[in-house]
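Asker: Following this message is one structure expressed as structure tokens.
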Amino acid sequence: EGTLEVHLADVDLAAVAVTVAERLRPQFDYANVALDVENPPGPLRIRGDSDRLAQVLSNLLGNALGHTPPFGAVTLRCGRDRAMAFVDVVDTGPGIPDDELERIFERFYRISGEGESTLGPLRAGRGIGLTIARSLARAHGGDVVASSTGPDKGATFRLTIPAIAPALTGSRPTAT
């Protein structure tokens with residue numbers, strides 16, 4: 001507890017996200033849940049620890065799978081919003097009540113009324129995965145946030161990490 005080591009290097013967050021999604025695809029197929037991976041707009045360069053980021057994304061995708069009914073869908077979308085690279089994990093599950101959107105990141109907290117999941121009796125875990133995911137994102141200078149548009153409307157989890165500014169091209173002004 002309290003010791004999250006991250007080994008920073010230049011990383012393509014989109015490539016990490018797509019790799020994790022493809023690694024987990026057999027679980028989605030087994031559960032009859034579609035996994036839609038939208039084509040990234042290009043590399044999303046960040047300073048990060050690819051193993052730790054894969055851990056965050058595995059958690060977010062696993063949670064989405066566990067809360068999406070058979071024949072539902074989970075979408076993975078990558079992009080950039082100003083200075084932040086992001087990965088969205090969007091599911092078609094039951095959604096998250098407004099009053100629980102922040103509480104789900106508390107250690108050992110589980111949404112009230114959880115019962116059955118895609119893979120049978122509650123597969124929601126012990127309530128520490130989202131806590132760890134958020135801690136790892138914050139160790140990278142980013143965050144994980146959740147949103148939901150209402151009951152039976154699904155949930156969206158967004159991982160954000162500061163993006164590396166694209167290299168400037170062309171000539172630079174010189175001081176005179």
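Chain identifiers are assigned as A, B, and so on, following the order in which chains appear in the structure tokens; residues are numbered from 1 within each chain, and ligands are numbered from 1 in order of appearance.
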Give me, as JSON, numbers by chain, all polymer residues having an atom no more than 9 Å from Asp10 (chain A), counting only C-alpha atoms and skipping those fewer than 4 positions away in the same chain.
Answerer: {"A": [45, 46, 47, 48, 49, 164]}
Asker: If you keep N, CA and C atoms, can you produce a file of those selected residues as a PDB file, in the first residue's frame?
Answerer:
ATOM      1  N   ARG A  45       1.279   9.665 -27.900  1.00  0.00           N
ATOM      2  CA  ARG A  45       2.548   9.611 -27.174  1.00  0.00           C
ATOM      3  C   ARG A  45       2.400  10.221 -25.786  1.00  0.00           C
ATOM      4  N   ILE A  46       2.845   9.456 -24.806  1.00  0.00           N
ATOM      5  CA  ILE A  46       2.845   9.888 -23.408  1.00  0.00           C
ATOM      6  C   ILE A  46       4.141   9.428 -22.765  1.00  0.00           C
ATOM      7  N   ARG A  47       4.384   9.912 -21.551  1.00  0.00           N
ATOM      8  CA  ARG A  47       5.439   9.351 -20.692  1.00  0.00           C
ATOM      9  C   ARG A  47       4.719   8.426 -19.732  1.00  0.00           C
ATOM     10  N   GLY A  48       5.005   7.133 -19.819  1.00  0.00           N
ATOM     11  CA  GLY A  48       4.279   6.203 -18.970  1.00  0.00           C
ATOM     12  C   GLY A  48       4.984   4.876 -18.832  1.00  0.00           C
ATOM     13  N   ASP A  49       4.412   4.056 -18.003  1.00  0.00           N
ATOM     14  CA  ASP A  49       4.870   2.696 -17.755  1.00  0.00           C
ATOM     15  C   ASP A  49       3.868   1.779 -18.451  1.00  0.00           C
ATOM     16  N   ILE A 164       2.433  13.891 -24.731  1.00  0.00           N
ATOM     17  CA  ILE A 164       3.672  14.557 -25.124  1.00  0.00           C
ATOM     18  C   ILE A 164       3.332  15.422 -26.321  1.00  0.00           C
TER      19      ILE A 164
END
Asker: List the spatial neighbours of region 12-15 of chain A as an MDAnalysis selection string - criterion: any atom at most 9 Å away, only C-alpha atoms, same-chain residues fewer than 6 positions off excluded.
Answerer: chainID A and resid 40:48 50 53 77:79 85:87 161
Asker: Can you spit out the residues from that selection as a PDB file, in the first residue's frame, using N, CA, C and O atoms?
Answerer:
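As a result, out03.pdb now contains:
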ATOM      1  N   PRO A  40      -7.600   4.073 -33.503  1.00  0.00           N
ATOM      2  CA  PRO A  40      -7.034   5.287 -32.912  1.00  0.00           C
ATOM      3  C   PRO A  40      -6.706   6.299 -34.005  1.00  0.00           C
ATOM      4  O   PRO A  40      -6.420   5.916 -35.136  1.00  0.00           O
ATOM      5  N   PRO A  41      -6.739   7.582 -33.661  1.00  0.00           N
ATOM      6  CA  PRO A  41      -6.438   8.617 -34.642  1.00  0.00           C
ATOM      7  C   PRO A  41      -4.949   8.684 -34.992  1.00  0.00           C
ATOM      8  O   PRO A  41      -4.533   9.530 -35.764  1.00  0.00           O
ATOM      9  N   GLY A  42      -4.168   7.816 -34.437  1.00  0.00           N
ATOM     10  CA  GLY A  42      -2.721   7.816 -34.628  1.00  0.00           C
ATOM     11  C   GLY A  42      -2.074   7.557 -33.289  1.00  0.00           C
ATOM     12  O   GLY A  42      -2.758   7.323 -32.292  1.00  0.00           O
ATOM     13  N   PRO A  43      -0.772   7.586 -33.220  1.00  0.00           N
ATOM     14  CA  PRO A  43      -0.105   7.351 -31.934  1.00  0.00           C
ATOM     15  C   PRO A  43      -0.499   8.421 -30.912  1.00  0.00           C
ATOM     16  O   PRO A  43      -0.680   9.588 -31.253  1.00  0.00           O
ATOM     17  N   LEU A  44      -0.650   7.987 -29.682  1.00  0.00           N
ATOM     18  CA  LEU A  44      -0.902   8.900 -28.558  1.00  0.00           C
ATOM     19  C   LEU A  44       0.311   8.822 -27.640  1.00  0.00           C
ATOM     20  O   LEU A  44       0.367   7.990 -26.736  1.00  0.00           O
ATOM     21  N   ARG A  45       1.279   9.665 -27.900  1.00  0.00           N
ATOM     22  CA  ARG A  45       2.548   9.611 -27.174  1.00  0.00           C
ATOM     23  C   ARG A  45       2.400  10.221 -25.786  1.00  0.00           C
ATOM     24  O   ARG A  45       1.896  11.331 -25.637  1.00  0.00           O
ATOM     25  N   ILE A  46       2.845   9.456 -24.806  1.00  0.00           N
ATOM     26  CA  ILE A  46       2.845   9.888 -23.408  1.00  0.00           C
ATOM     27  C   ILE A  46       4.141   9.428 -22.765  1.00  0.00           C
ATOM     28  O   ILE A  46       4.889   8.644 -23.338  1.00  0.00           O
ATOM     29  N   ARG A  47       4.384   9.912 -21.551  1.00  0.00           N
ATOM     30  CA  ARG A  47       5.439   9.351 -20.692  1.00  0.00           C
ATOM     31  C   ARG A  47       4.719   8.426 -19.732  1.00  0.00           C
ATOM     32  O   ARG A  47       3.865   8.876 -18.966  1.00  0.00           O
ATOM     33  N   GLY A  48       5.005   7.133 -19.819  1.00  0.00           N
ATOM     34  CA  GLY A  48       4.279   6.203 -18.970  1.00  0.00           C
ATOM     35  C   GLY A  48       4.984   4.876 -18.832  1.00  0.00           C
ATOM     36  O   GLY A  48       5.994   4.606 -19.473  1.00  0.00           O
ATOM     37  N   SER A  50       4.256   1.190 -19.560  1.00  0.00           N
ATOM     38  CA  SER A  50       3.308   0.412 -20.358  1.00  0.00           C
ATOM     39  C   SER A  50       2.710  -0.759 -19.578  1.00  0.00           C
ATOM     40  O   SER A  50       1.539  -1.084 -19.764  1.00  0.00           O
ATOM     41  N   LEU A  53       0.081   0.765 -17.212  1.00  0.00           N
ATOM     42  CA  LEU A  53      -1.062   1.234 -17.985  1.00  0.00           C
ATOM     43  C   LEU A  53      -1.880   0.055 -18.504  1.00  0.00           C
ATOM     44  O   LEU A  53      -3.108   0.120 -18.552  1.00  0.00           O
ATOM     45  N   ARG A  77     -12.180   3.420 -27.090  1.00  0.00           N
ATOM     46  CA  ARG A  77     -11.940   4.584 -27.958  1.00  0.00           C
ATOM     47  C   ARG A  77     -10.750   5.360 -27.402  1.00  0.00           C
ATOM     48  O   ARG A  77     -10.694   5.643 -26.209  1.00  0.00           O
ATOM     49  N   CYS A  78      -9.819   5.714 -28.268  1.00  0.00           N
ATOM     50  CA  CYS A  78      -8.642   6.487 -27.868  1.00  0.00           C
ATOM     51  C   CYS A  78      -8.664   7.834 -28.566  1.00  0.00           C
ATOM     52  O   CYS A  78      -9.174   7.959 -29.676  1.00  0.00           O
ATOM     53  N   GLY A  79      -8.083   8.824 -27.924  1.00  0.00           N
ATOM     54  CA  GLY A  79      -8.012  10.130 -28.558  1.00  0.00           C
ATOM     55  C   GLY A  79      -7.198  11.102 -27.734  1.00  0.00           C
ATOM     56  O   GLY A  79      -6.518  10.735 -26.774  1.00  0.00           O
ATOM     57  N   ALA A  85      -3.977  12.771 -23.417  1.00  0.00           N
ATOM     58  CA  ALA A  85      -4.353  11.585 -24.189  1.00  0.00           C
ATOM     59  C   ALA A  85      -5.393  10.852 -23.344  1.00  0.00           C
ATOM     60  O   ALA A  85      -5.343  10.893 -22.114  1.00  0.00           O
ATOM     61  N   PHE A  86      -6.357  10.203 -24.014  1.00  0.00           N
ATOM     62  CA  PHE A  86      -7.369   9.487 -23.243  1.00  0.00           C
ATOM     63  C   PHE A  86      -7.713   8.157 -23.885  1.00  0.00           C
ATOM     64  O   PHE A  86      -7.510   7.950 -25.082  1.00  0.00           O
ATOM     65  N   VAL A  87      -8.222   7.266 -23.039  1.00  0.00           N
ATOM     66  CA  VAL A  87      -8.813   6.011 -23.488  1.00  0.00           C
ATOM     67  C   VAL A  87     -10.161   5.921 -22.783  1.00  0.00           C
ATOM     68  O   VAL A  87     -10.234   6.006 -21.553  1.00  0.00           O
ATOM     69  N   ILE A 161      -4.052  10.719 -19.465  1.00  0.00           N
ATOM     70  CA  ILE A 161      -2.627  10.829 -19.155  1.00  0.00           C
ATOM     71  C   ILE A 161      -2.115  12.034 -19.946  1.00  0.00           C
ATOM     72  O   ILE A 161      -2.467  12.196 -21.120  1.00  0.00           O
TER      73      ILE A 161
END
Asker: Excluding same-chain residues fewer than 3 positions from Asn32 (chain A), what lies within 8 Å of it counting only C-alpha atoms, as JSON, numbers by chain?
Answerer: {"A": [28, 29, 70, 71, 72]}
Asker: Just the number, please: distance in Å from CA of Leu61 (chain A) to CA of Asn39 (chain A), one decimal.
Answerer: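 Atom-to-atom, CA of Leu61 (chain A) to CA of Asn39 (chain A), that is 16.7 Å.
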Asker: Figure out the distance between CA of Arg158 (chain A) and CA of Thr92 (chain A), please, to one decimal in Å.
Answerer: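 Atom-to-atom, CA of Thr92 (chain A) to CA of Arg158 (chain A), that is 15.1 Å.
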Asker: Pick from A:Arg52, A:Arg25, A:Arg138, A:His7: nearest to Leu65 (chain A), with only C-alpha atoms counted?
Answerer: A:Arg25
